[in-house]
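Asker: Pasting structure-v8.txt below, which is compact mmCIF, C-alpha atoms.
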# COMPACT_ATOMS: atom_id res chain seq x y z
CA MET A 1311 0.00 0.00 0.00
CA TYR A 1312 2.72 2.48 0.93
CA LYS A 1313 4.70 1.79 -2.24
CA LEU A 1314 1.58 2.51 -4.28
CA PHE A 1315 0.93 5.69 -2.28
CA PHE A 1316 4.54 6.76 -2.74
CA ARG A 1317 4.35 6.22 -6.49
CA LEU A 1318 1.03 8.02 -6.91
CA VAL A 1319 1.44 10.87 -4.40
CA PHE A 1320 4.83 11.46 -2.80
CA ARG A 1321 6.87 10.80 -5.93
CA ARG A 1322 4.96 13.56 -7.73
CA MET A 1323 5.66 16.07 -4.96
CA ASP A 1324 8.77 18.09 -4.24
CA PRO A 1325 10.81 15.87 -1.85
CA GLU A 1326 11.10 18.50 0.88
CA ARG A 1327 7.39 19.29 0.72
CA ALA A 1328 6.56 15.59 0.92
CA HIS A 1329 8.85 15.27 3.94
CA HIS A 1330 7.08 18.08 5.78
CA LEU A 1331 3.67 16.62 4.92
CA ALA A 1332 4.57 13.16 6.23
CA PHE A 1333 6.14 14.78 9.27
CA ARG A 1334 2.91 16.65 9.97
CA TRP A 1335 0.85 13.46 9.76
CA ILE A 1336 3.16 11.66 12.20
CA ARG A 1337 2.98 14.53 14.69
CA LEU A 1338 -0.81 14.67 14.44
CA ALA A 1339 -1.22 10.92 14.88
CA VAL A 1340 0.83 10.78 18.06
CA ARG A 1341 -1.38 13.45 19.67
CA VAL A 1342 -4.45 11.18 19.52
CA PRO A 1343 -4.18 8.67 22.41
CA VAL A 1344 -6.24 5.85 20.92
CA LEU A 1345 -4.64 6.21 17.50
CA ARG A 1346 -1.07 6.30 18.80
CA THR A 1347 -1.70 3.24 20.97
CA PHE A 1348 -3.05 1.33 17.97
CA LEU A 1349 -0.22 2.44 15.70
CA ALA A 1350 2.48 1.63 18.24
CA ALA A 1351 1.01 -1.85 18.72
CA ALA A 1352 0.97 -2.42 14.96
CA LEU A 1353 4.25 -0.76 14.01
CA ALA A 1354 6.45 -1.17 17.07
CA PRO A 1355 6.12 -4.72 18.44
CA ARG A 1356 8.88 -5.54 20.94
CA TYR A 1357 11.17 -8.57 20.76
CA LYS A 1358 12.82 -9.51 24.05
CA GLU A 1359 15.80 -11.04 22.27
CA LEU A 1360 16.60 -7.69 20.63
CA ARG A 1361 16.88 -5.71 23.86
CA THR A 1362 20.11 -3.77 23.70
CA GLU A 1363 22.45 -2.11 26.18
CA ALA A 1364 24.76 0.46 24.69
CA LEU A 1365 26.38 3.71 25.88
CA GLY A 1366 25.16 2.83 29.35
CA LEU A 1367 21.56 2.99 28.08
CA ARG A 1368 18.87 0.34 27.73
CA MET A 1369 16.90 0.21 24.51
CA HIS A 1370 14.10 -1.98 23.15
CA GLY A 1371 16.37 -2.88 20.25
CA PRO A 1372 19.36 -1.69 18.24
CA PHE A 1373 17.57 0.13 15.41
CA GLY A 1374 17.28 3.90 15.55
CA LEU A 1375 16.44 6.88 13.39
CA ALA A 1376 19.51 8.67 12.06
CA ALA A 1377 19.97 12.42 12.42
CA GLY A 1378 18.53 14.59 9.68
CA PHE A 1379 14.89 13.55 9.77
CA ASP A 1380 13.85 15.31 12.99
CA LYS A 1381 16.14 18.31 13.01
CA ASN A 1382 14.32 20.27 15.70
CA ALA A 1383 13.11 17.63 18.19
CA VAL A 1384 9.45 17.96 17.26
CA ALA A 1385 8.56 14.35 16.46
CA ILE A 1386 10.47 12.15 18.91
CA ASP A 1387 7.37 10.36 20.18
CA GLY A 1388 6.02 10.03 16.67
CA MET A 1389 9.15 8.24 15.48
CA SER A 1390 9.13 6.01 18.54
CA MET A 1391 5.51 5.18 17.71
CA LEU A 1392 6.74 4.01 14.31
CA GLY A 1393 9.15 1.56 15.93
CA PHE A 1394 12.52 3.28 16.18
CA ASP A 1395 14.40 2.20 19.31
CA HIS A 1396 16.26 5.48 19.60
CA VAL A 1397 15.85 8.82 17.87
CA GLU A 1398 18.80 11.05 17.02
CA ILE A 1399 17.67 14.62 16.52
CA GLY A 1400 19.53 17.35 14.65
CA THR A 1401 21.89 18.33 13.33
CA VAL A 1402 21.53 21.30 15.70
CA THR A 1403 23.87 24.29 15.39
CA GLY A 1404 24.86 26.96 17.88
CA GLU A 1405 22.67 29.54 16.16
CA ALA A 1406 19.45 29.15 14.17
CA GLN A 1407 19.95 29.09 10.42
CA PRO A 1408 17.75 28.58 7.35
CA GLY A 1409 20.10 26.23 5.55
CA ASN A 1410 20.95 26.34 1.88
CA PRO A 1411 18.63 27.74 -0.80
CA LYS A 1412 15.94 25.46 -2.17
CA LYS A 1413 15.80 23.15 -4.10
CA ARG A 1414 18.08 21.14 -1.85
CA LEU A 1415 16.69 17.61 -1.55
CA PHE A 1416 16.54 15.16 -4.46
CA ARG A 1417 15.25 11.61 -4.83
CA LEU A 1418 17.22 9.13 -6.92
CA VAL A 1419 14.40 6.60 -7.09
CA ALA A 1420 16.16 4.23 -9.47
CA ASP A 1421 19.01 3.99 -6.98
CA ARG A 1422 16.89 4.00 -3.81
CA ALA A 1423 18.93 7.01 -2.75
CA LEU A 1424 18.74 10.69 -1.83
CA ILE A 1425 20.98 13.68 -2.42
CA ASN A 1426 20.67 16.51 0.07
CA ARG A 1427 22.39 19.83 0.50
CA MET A 1428 20.13 21.04 3.28
CA GLY A 1429 22.93 22.86 5.10
CA PHE A 1430 21.92 22.22 8.72
CA ASN A 1431 18.61 24.11 8.60
CA ASN A 1432 17.41 24.17 12.21
CA ASP A 1433 16.04 26.35 15.00
CA GLY A 1434 19.36 26.60 16.86
CA SER A 1435 20.60 25.06 20.08
CA LEU A 1436 18.82 27.48 22.43
CA ALA A 1437 15.37 26.81 20.95
CA VAL A 1438 15.90 23.05 20.65
CA ALA A 1439 17.17 22.85 24.24
CA ALA A 1440 14.05 24.65 25.45
CA ARG A 1441 11.86 22.28 23.43
CA LEU A 1442 13.57 19.22 24.91
CA ALA A 1443 13.35 20.67 28.43
CA SER A 1444 9.59 21.19 28.15
CA ARG A 1445 8.91 17.81 26.54
CA THR A 1446 6.63 15.33 28.31
CA PRO A 1447 7.45 11.94 26.75
CA VAL A 1448 4.63 9.68 25.61
CA PHE A 1449 6.93 6.73 24.90
CA ARG A 1450 10.17 5.77 26.63
CA THR A 1451 12.76 6.62 23.99
CA VAL A 1452 16.50 7.15 23.99
CA VAL A 1453 17.17 10.58 22.49
CA GLY A 1454 20.50 11.42 20.92
CA VAL A 1455 21.42 14.99 20.01
CA ASN A 1456 23.61 15.60 16.97
CA ILE A 1457 25.45 18.94 16.95
CA GLY A 1458 27.24 20.75 14.12
CA LYS A 1459 28.91 24.02 13.20
CA THR A 1460 26.96 27.18 12.46
CA LYS A 1461 27.73 28.13 8.84
CA VAL A 1462 28.83 31.72 9.53
CA VAL A 1463 31.24 30.68 12.28
CA PRO A 1464 34.83 30.60 10.94
CA GLU A 1465 36.56 27.23 10.97
CA GLU A 1466 39.09 28.41 13.55
CA GLU A 1467 36.22 29.27 15.94
CA ALA A 1468 34.32 26.02 15.39
CA ALA A 1469 35.26 24.49 18.73
CA GLY A 1470 33.60 27.32 20.64
CA ASP A 1471 30.44 26.96 18.56
CA TYR A 1472 30.23 23.23 19.35
CA VAL A 1473 30.92 23.91 23.02
CA LYS A 1474 28.02 26.38 23.16
CA SER A 1475 25.64 23.80 21.73
CA ALA A 1476 26.96 21.08 24.05
CA GLU A 1477 26.43 23.25 27.13
CA ARG A 1478 22.84 23.95 26.13
CA LEU A 1479 21.85 20.50 24.91
CA ALA A 1480 23.78 18.01 27.04
CA PRO A 1481 21.34 18.26 30.00
CA HIS A 1482 18.54 17.01 27.72
CA ALA A 1483 20.47 14.38 25.75
CA ASP A 1484 20.85 10.68 26.42
CA TYR A 1485 23.93 10.93 24.22
CA LEU A 1486 25.69 13.64 22.17
CA VAL A 1487 27.11 13.34 18.66
CA VAL A 1488 29.70 15.68 17.18
CA ASN A 1489 29.00 15.90 13.46
CA VAL A 1490 32.12 16.89 11.53
CA SER A 1491 31.24 14.95 8.39
CA SER A 1492 28.40 16.69 6.56
CA PRO A 1493 29.49 17.86 3.10
CA ASN A 1494 27.04 20.77 3.10
CA THR A 1495 28.74 23.22 5.46
CA PRO A 1496 31.92 24.73 3.99
CA GLY A 1497 35.06 23.59 5.80
CA LEU A 1498 33.23 21.22 8.14
CA ARG A 1499 34.92 18.05 6.93
CA ASN A 1500 38.32 19.61 7.55
CA LEU A 1501 37.53 19.17 11.25
CA GLN A 1502 37.88 15.40 10.84
CA ALA A 1503 41.66 15.82 10.72
CA THR A 1504 42.96 14.64 14.09
CA GLU A 1505 44.85 17.87 14.82
CA ALA A 1506 41.55 19.79 14.59
CA LEU A 1507 39.36 17.04 16.01
CA ARG A 1508 41.31 16.47 19.23
CA PRO A 1509 40.75 19.94 20.79
CA LEU A 1510 37.19 20.09 19.48
CA LEU A 1511 36.18 16.78 21.06
CA SER A 1512 38.04 17.57 24.26
CA GLY A 1513 36.23 20.90 24.52
CA VAL A 1514 32.82 19.31 23.95
CA ARG A 1515 33.58 16.61 26.53
CA GLU A 1516 34.48 19.23 29.13
CA ALA A 1517 31.42 21.33 28.27
CA ALA A 1518 29.06 18.38 28.64
CA ASP A 1519 30.59 17.49 31.99
CA ARG A 1520 30.19 21.08 33.21
CA ALA A 1521 26.59 21.25 32.02
CA VAL A 1522 25.56 17.97 33.62
CA PRO A 1523 27.48 17.49 36.88
CA GLY A 1524 27.08 13.99 38.26
CA ARG A 1525 26.06 12.37 34.94
CA ARG A 1526 28.43 11.50 32.14
CA VAL A 1527 26.63 12.11 28.86
CA PRO A 1528 28.01 9.66 26.27
CA LEU A 1529 29.88 11.41 23.46
CA LEU A 1530 30.25 10.10 19.91
CA VAL A 1531 31.70 11.42 16.67
CA LYS A 1532 30.15 10.90 13.21
CA ILE A 1533 32.55 10.39 10.32
CA ALA A 1534 32.31 10.44 6.53
CA PRO A 1535 32.62 7.41 4.25
CA ASP A 1536 35.00 9.43 2.08
CA LEU A 1537 37.85 9.34 4.60
CA ALA A 1538 40.93 7.45 3.44
CA ASP A 1539 41.53 4.20 5.32
CA GLU A 1540 44.48 5.66 7.22
CA ASP A 1541 42.29 8.58 8.34
CA VAL A 1542 39.62 6.16 9.55
CA ASP A 1543 42.33 4.47 11.61
CA ALA A 1544 43.50 7.83 12.96
CA VAL A 1545 39.98 8.79 14.09
CA ALA A 1546 39.57 5.36 15.70
CA ASP A 1547 42.84 5.77 17.61
CA LEU A 1548 41.88 9.29 18.68
CA ALA A 1549 38.48 8.11 19.93
CA VAL A 1550 40.17 5.52 22.12
CA GLU A 1551 42.80 8.01 23.32
CA LEU A 1552 40.17 10.58 24.34
CA GLY A 1553 37.84 8.03 25.91
CA LEU A 1554 34.99 8.71 23.51
CA ASP A 1555 31.96 6.49 23.88
CA GLY A 1556 31.38 5.77 20.23
CA ILE A 1557 31.78 6.41 16.51
CA ILE A 1558 28.93 6.65 14.01
CA ALA A 1559 29.88 5.29 10.58
CA THR A 1560 28.96 6.80 8.23
CA ASN A 1561 27.50 10.10 7.05
CA THR A 1562 26.61 10.81 3.40
CA THR A 1563 29.15 10.65 0.57
CA ILE A 1564 30.22 13.21 -2.00
CA ALA A 1565 31.38 10.39 -4.28
CA ARG A 1566 29.46 9.51 -7.44
CA GLU A 1567 31.91 7.40 -9.44
CA GLY A 1568 32.01 3.66 -8.94
CA LEU A 1569 28.61 3.47 -7.24
CA GLY A 1570 26.72 2.10 -10.23
CA LEU A 1571 24.17 4.89 -10.18
CA LYS A 1572 21.28 4.43 -12.61
CA SER A 1573 19.40 7.69 -12.14
CA GLU A 1574 19.27 10.54 -14.65
CA PRO A 1575 22.69 12.21 -15.02
CA SER A 1576 21.09 15.56 -14.23
CA LEU A 1577 20.11 14.20 -10.80
CA VAL A 1578 23.36 12.39 -10.15
CA LYS A 1579 25.40 15.56 -10.73
CA GLU A 1580 23.48 17.56 -8.10
CA THR A 1581 25.86 18.69 -5.37
CA GLY A 1582 25.34 17.46 -1.84
CA GLY A 1583 25.59 14.31 0.20
CA LEU A 1584 24.41 11.04 -1.31
CA SER A 1585 22.67 8.60 1.02
CA GLY A 1586 20.81 5.34 0.63
CA ALA A 1587 21.57 2.03 -1.08
CA PRO A 1588 24.68 3.12 -3.05
CA LEU A 1589 26.42 3.89 0.25
CA LYS A 1590 25.99 0.33 1.55
CA ALA A 1591 29.32 -1.23 0.60
CA ARG A 1592 31.62 1.60 1.72
CA SER A 1593 29.77 2.15 5.01
CA LEU A 1594 30.09 -1.54 5.81
CA GLU A 1595 33.77 -1.47 4.87
CA VAL A 1596 34.45 1.50 7.17
CA LEU A 1597 32.55 -0.18 10.00
CA ARG A 1598 34.57 -3.40 9.68
CA ARG A 1599 37.79 -1.41 9.68
CA LEU A 1600 36.78 0.50 12.80
CA TYR A 1601 35.85 -2.65 14.68
CA ALA A 1602 39.13 -4.32 13.72
CA ARG A 1603 40.87 -1.27 15.17
CA VAL A 1604 38.91 -0.62 18.37
CA GLY A 1605 37.13 -3.91 19.11
CA ASP A 1606 34.80 -3.64 22.07
CA ARG A 1607 36.52 -0.63 23.62
CA ILE A 1608 33.96 1.81 22.20
CA THR A 1609 30.46 1.52 20.75
CA LEU A 1610 30.10 1.57 16.99
CA VAL A 1611 26.91 2.71 15.27
CA GLY A 1612 26.35 1.47 11.72
CA VAL A 1613 24.44 3.72 9.31
CA GLY A 1614 24.41 4.23 5.56
CA GLY A 1615 22.59 2.12 2.99
CA ILE A 1616 20.61 -0.02 5.44
CA GLU A 1617 17.43 -1.12 3.68
CA ASP A 1618 16.37 -4.41 5.23
CA ALA A 1619 17.00 -6.84 8.08
CA GLU A 1620 19.85 -8.53 6.23
CA ASP A 1621 21.67 -5.20 5.90
CA ALA A 1622 21.12 -4.56 9.61
CA TRP A 1623 22.34 -8.04 10.52
CA GLN A 1624 25.49 -7.59 8.42
CA ARG A 1625 26.26 -4.35 10.30
CA ILE A 1626 25.96 -6.14 13.62
CA LEU A 1627 28.26 -8.93 12.47
CA ALA A 1628 30.70 -6.24 11.27
CA GLY A 1629 30.86 -4.61 14.70
CA ALA A 1630 27.85 -2.31 15.17
CA THR A 1631 26.10 -2.47 18.50
CA LEU A 1632 23.55 0.06 17.25
CA ILE A 1633 22.26 0.65 13.74
CA GLN A 1634 20.44 3.59 12.20
CA GLY A 1635 18.52 4.38 9.05
CA TYR A 1636 16.82 7.26 7.30
CA SER A 1637 16.79 7.16 3.48
CA ALA A 1638 15.08 3.78 3.15
CA PHE A 1639 12.29 5.03 5.42
CA ILE A 1640 11.34 7.45 2.64
CA TYR A 1641 10.97 4.60 0.17
CA GLN A 1642 9.58 1.86 2.43
CA GLY A 1643 7.27 3.75 4.75
CA PRO A 1644 5.83 3.25 8.23
CA PHE A 1645 6.22 -0.56 8.40
CA TRP A 1646 9.96 -0.36 7.80
CA ALA A 1647 11.13 -0.53 11.43
CA ARG A 1648 8.71 -3.37 12.16
CA THR A 1649 10.12 -5.35 9.23
CA ILE A 1650 13.70 -4.74 10.37
CA HIS A 1651 12.95 -5.91 13.90
CA LYS A 1652 11.09 -9.02 12.77
CA GLY A 1653 13.89 -9.98 10.41
CA LEU A 1654 16.62 -9.35 12.97
CA ALA A 1655 14.86 -11.49 15.57
CA ALA A 1656 14.49 -14.31 13.03
CA ARG A 1657 18.18 -14.15 12.08
CA LEU A 1658 19.29 -14.16 15.70
CA ARG A 1659 17.13 -17.21 16.48
CA THR A 1660 18.69 -19.21 13.65
CA SER A 1661 22.25 -18.00 14.32
CA PRO A 1662 24.88 -19.61 16.58
CA TYR A 1663 24.73 -16.59 18.91
CA ALA A 1664 22.79 -16.63 22.17
CA THR A 1665 22.33 -12.86 22.26
CA LEU A 1666 22.57 -9.92 19.91
CA ALA A 1667 25.62 -8.73 21.87
CA ASP A 1668 27.38 -12.02 21.09
CA ALA A 1669 26.90 -11.39 17.37
CA VAL A 1670 28.50 -7.92 17.41
CA GLY A 1671 31.71 -8.08 15.41
CA ALA A 1672 31.55 -11.85 14.95
CA ASP A 1673 32.55 -11.72 11.29
CA VAL A 1674 35.55 -9.52 12.04
CA ARG A 1675 36.70 -11.71 14.95
CA LYS A 1676 36.72 -14.87 12.82
CA PRO A 1677 40.23 -16.26 12.34
CA ALA A 1678 41.66 -15.58 8.88
Turn the structure described in the file into structure tokens.

Answerer:
Amino acid sequence: MYKLFFRLVFRRMDPERAHHLAFRWIRLAVRVPVLRTFLAAALAPRYKELRTEALGLRMHGPFGLAAGFDKNAVAIDGMSMLGFDHVEIGTVTGEAQPGNPKKRLFRLVADRALINRMGFNNDGSLAVAARLASRTPVFRTVVGVNIGKTKVVPEEEAAGDYVKSAERLAPHADYLVVNVSSPNTPGLRNLQATEALRPLLSGVREAADRAVPGRRVPLLVKIAPDLADEDVDAVADLAVELGLDGIIATNTTIAREGLGLKSEPSLVKETGGLSGAPLKARSLEVLRRLYARVGDRITLVGVGGIEDAEDAWQRILAGATLIQGYSAFIYQGPFWARTIHKGLAARLRTSPYATLADAVGADVRKPA
């Protein structure tokens, strides 16, 4: 039904307009008690065998919503109602900003992919912090907060901008993510270099500790799939050195060559970050490399090109304790999380592993 609806309605609409329309429907549905109870029962069944502990947090399962869908923390309960085990909001910047000029979101339907150059459009850390502070949760949901650099802030002042957001948002976050890997803010990816990343992450860690005395808010960094292998290793080593809690692998890619893209050349050449199915192989490769480097010392989150339960299972075997998705949700609709959970539970039951935690990294740990 959803695929038919997508083909007849959403596909004919501007992608950003369709996103806002779907978003509005989700927010309206969760406000109606009987309807949200029915939808949660249908779309978010719980499987005991998928219960997950990560980052010192307990979750119903490992599958969450990646940052970018709910930029301003306005639909956390709605996404939980649809079956996501954690919701990562943002990216949130120090100051409010409109993002890049429209048109800035493109569907590559033939490739089951998206290109976006949104540019961190969001209400700013002060407004989002206030929204989170006033929130009365309907569903128990782990909420991550993804923070990035305000566009007008010079690269050399980026650390202070991140620190400001961390101070405001850490008290309301179950975990914090430093996003230095979006291709849509000029100079942002330069911050992935370890000489820039070390002081930035250290500053955010100190800011979060100041803002939330007595509770250590887990801190993660999100990296790009376009990093060279030696740079992936360098970030992994830095994360261990600084005592980070996790790495999210990966963000969108600026690559186009070698991905076998079938969409119209005019779409493929649009600037911005490519997400979805074409990202699958490289994201998995980066994840395996990270796990081989850090093992169980920090939590890895697998994201990028996850479409079905088999993709999710492969990320777990490659070293991901948590997994996230976004692009495939656009194409597969509200039953997507339910399908992922059902398929993961089935794979675990027929696997040699007693628990999901036992399966994490199993393929990488196998003797050569």

Asker: How many Å separate CA of Leu1510 in chain A from CA of Ala1469 in chain A?

Answerer: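 CA of Ala1469 in chain A lies 4.9 Å from CA of Leu1510 in chain A.
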
Asker: Which residue, A:Pro1588, A:Pro1496, A:Gly1635, A:Gly1553, has the smallest gap to His1396 in chain A when you use only C-alpha atoms?

Answerer: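 Of A:Pro1588, A:Pro1496, A:Gly1635, A:Gly1553, the one nearest His1396 in chain A, counting only C-alpha atoms, is A:Gly1635.
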
Asker: Separation of CA of Leu1658 in chain A and CA of Glu1359 in chain A, in Å?

Answerer: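 That distance, rounded to one decimal, is 8.1 Å.
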
Asker: Quick one: of A:Lys1652, A:Arg1441, A:Arg1478, A:Arg1657, who's nearest to Asp1519 in chain A, counting all atoms listed in the file?

Answerer: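 Under the stated criterion, the closest residue is A:Arg1478.
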
Asker: Hey, which of A:Glu1398, A:Glu1567, A:Glu1551, A:Asp1539 ends up closest to Ala1377 in chain A? Count only C-alpha atoms.

Answerer: A:Glu1398

Asker: Between A:Ser1637, A:Ser1512, A:Gln1624, A:Ser1491, which has the minimum distance to Thr1563 in chain A (counting only C-alpha atoms)?

Answerer: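 The answer is A:Ser1491, which sits nearest to Thr1563 in chain A.
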
Asker: What is the distance, in Å and to one decimal place, between CA of Leu1666 in chain A and CA of Ile1399 in chain A?

Answerer: 25.3 Å

Asker: Taking only C-alpha atoms into account, which of A:Thr1362, A:Leu1415, A:Pro1481, A:Asn1494 comes nearest Gly1524 in chain A?

Answerer: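 Nearest to Gly1524 in chain A: A:Pro1481.
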
Asker: Of the residues A:Leu1424, A:Arg1341, A:Arg1368, A:Val1462, which is the one nearest to Pro1447 in chain A, using only C-alpha atoms?

Answerer: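 Of all the options, A:Arg1341 lies closest to Pro1447 in chain A.
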
Asker: For range 1364-1477 of chain A against range 1581-1585 of chain A, with a cut-off of 7 Å and counting only C-alpha atoms, what is the closest atom pair and its distance in Å to one decimal for every residue that makes the cut, ordered by chain and number, as CSV?

Answerer:
residue,atom,partner,partner_atom,distance
A:Ala1423,CA,A:Ser1585,CA,5.5
A:Leu1424,CA,A:Ser1585,CA,5.3
A:Ile1425,CA,A:Leu1584,CA,4.5
A:Asn1426,CA,A:Gly1582,CA,5.1
A:Arg1427,CA,A:Gly1582,CA,4.4

Asker: Atoms to include: C-alpha atoms. Write the selected residues as an mmCIF file, keeping the file's coordinate frame.

Answerer:
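That gives us result36.cif:
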data_model
loop_
_atom_site.group_PDB
_atom_site.id
_atom_site.type_symbol
_atom_site.label_atom_id
_atom_site.label_comp_id
_atom_site.auth_asym_id
_atom_site.auth_seq_id
_atom_site.Cartn_x
_atom_site.Cartn_y
_atom_site.Cartn_z
ATOM 1 C CA ALA A 1423 18.930 7.010 -2.750
ATOM 2 C CA LEU A 1424 18.740 10.690 -1.830
ATOM 3 C CA ILE A 1425 20.980 13.680 -2.420
ATOM 4 C CA ASN A 1426 20.670 16.510 0.070
ATOM 5 C CA ARG A 1427 22.390 19.830 0.500
#

Asker: Could you make a table, as a tab-separated table, of the residues of range 1359-1406 of chain A that have an atom within 8 Å of an atom of range 1596-1620 of chain A, each with its nearest atom pair and distance in Å to one decimal, counting only C-alpha atoms, in chain and number order?

Answerer:
residue	atom	partner	partner_atom	distance
A:Ala1364	CA	A:Thr1609	CA	7.0
A:Leu1365	CA	A:Thr1609	CA	6.9
A:Ala1376	CA	A:Val1613	CA	7.5

Asker: Can you pull out the residues contacting Val1487 in chain A? Cut-off 8 Å, using all atoms listed in the file, and skip same-chain residues under 5 positions away; I want them as an mmCIF file with C-alpha atoms, in the frame of the given file.

Answerer:
data_model
loop_
_atom_site.group_PDB
_atom_site.id
_atom_site.type_symbol
_atom_site.label_atom_id
_atom_site.label_comp_id
_atom_site.auth_asym_id
_atom_site.auth_seq_id
_atom_site.Cartn_x
_atom_site.Cartn_y
_atom_site.Cartn_z
ATOM 1 C CA GLY A 1454 20.500 11.420 20.920
ATOM 2 C CA VAL A 1455 21.420 14.990 20.010
ATOM 3 C CA ASN A 1456 23.610 15.600 16.970
ATOM 4 C CA ILE A 1457 25.450 18.940 16.950
ATOM 5 C CA LEU A 1529 29.880 11.410 23.460
ATOM 6 C CA LEU A 1530 30.250 10.100 19.910
ATOM 7 C CA VAL A 1531 31.700 11.420 16.670
ATOM 8 C CA LYS A 1532 30.150 10.900 13.210
#

Asker: If we count only C-alpha atoms, what is near Pro1662 in chain A at a cut-off of 12 Å, once residues fewer than 6 positions away on the same chain are taken out, given as a list in words?

Answerer: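 Those residues are Leu1627, Asp1668, Ala1669 and Ala1672 of chain A.
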
Asker: Find the residues of range 1416-1531 of chain A that sit at most 9 Å from range 1542-1548 of chain A; for each, write down the nearest two atoms and how far apart they are in Å, to one decimal. Count all atoms listed in the file. Sort by chain, then by number going up, and give it as CSV.

Answerer:
residue,atom,partner,partner_atom,distance
A:Gln1502,CA,A:Val1545,CA,7.7
A:Ala1503,CA,A:Val1545,CA,8.0
A:Thr1504,CA,A:Val1545,CA,6.6
A:Leu1507,CA,A:Val1545,CA,8.5
A:Arg1508,CA,A:Leu1548,CA,7.2

Asker: What lies within 12 Å of Ala1440 in chain A using all atoms listed in the file, ignoring chain neighbours under 3 positions off, as a PDB file with C-alpha atoms, in the coordinates of the input?

Answerer:
ATOM      1  CA  ASN A1382      14.320  20.270  15.700  1.00  0.00           C
ATOM      2  CA  ALA A1383      13.110  17.630  18.190  1.00  0.00           C
ATOM      3  CA  VAL A1384       9.450  17.960  17.260  1.00  0.00           C
ATOM      4  CA  ASP A1433      16.040  26.350  15.000  1.00  0.00           C
ATOM      5  CA  GLY A1434      19.360  26.600  16.860  1.00  0.00           C
ATOM      6  CA  SER A1435      20.600  25.060  20.080  1.00  0.00           C
ATOM      7  CA  LEU A1436      18.820  27.480  22.430  1.00  0.00           C
ATOM      8  CA  ALA A1437      15.370  26.810  20.950  1.00  0.00           C
ATOM      9  CA  ALA A1443      13.350  20.670  28.430  1.00  0.00           C
ATOM     10  CA  SER A1444       9.590  21.190  28.150  1.00  0.00           C
ATOM     11  CA  ARG A1445       8.910  17.810  26.540  1.00  0.00           C
ATOM     12  CA  ARG A1478      22.840  23.950  26.130  1.00  0.00           C
ATOM     13  CA  LEU A1479      21.850  20.500  24.910  1.00  0.00           C
ATOM     14  CA  ALA A1480      23.780  18.010  27.040  1.00  0.00           C
ATOM     15  CA  PRO A1481      21.340  18.260  30.000  1.00  0.00           C
ATOM     16  CA  HIS A1482      18.540  17.010  27.720  1.00  0.00           C
TER      17      HIS A1482
END

Asker: Need the shell around range 1571-1577 of chain A: protein/DNA/RNA residues with any atom at most 8 Å away, counting all atoms listed in the file. Skip same-chain ones fewer than 6 positions apart. Format as a count of residues only?

Answerer: 6

Asker: Mind checking which residues fall within 12 Å of Leu1375 in chain A, counting all atoms listed in the file, ignoring those fewer than 3 positions away in the same chain, and posting them as a count of residues only?

Answerer: 44
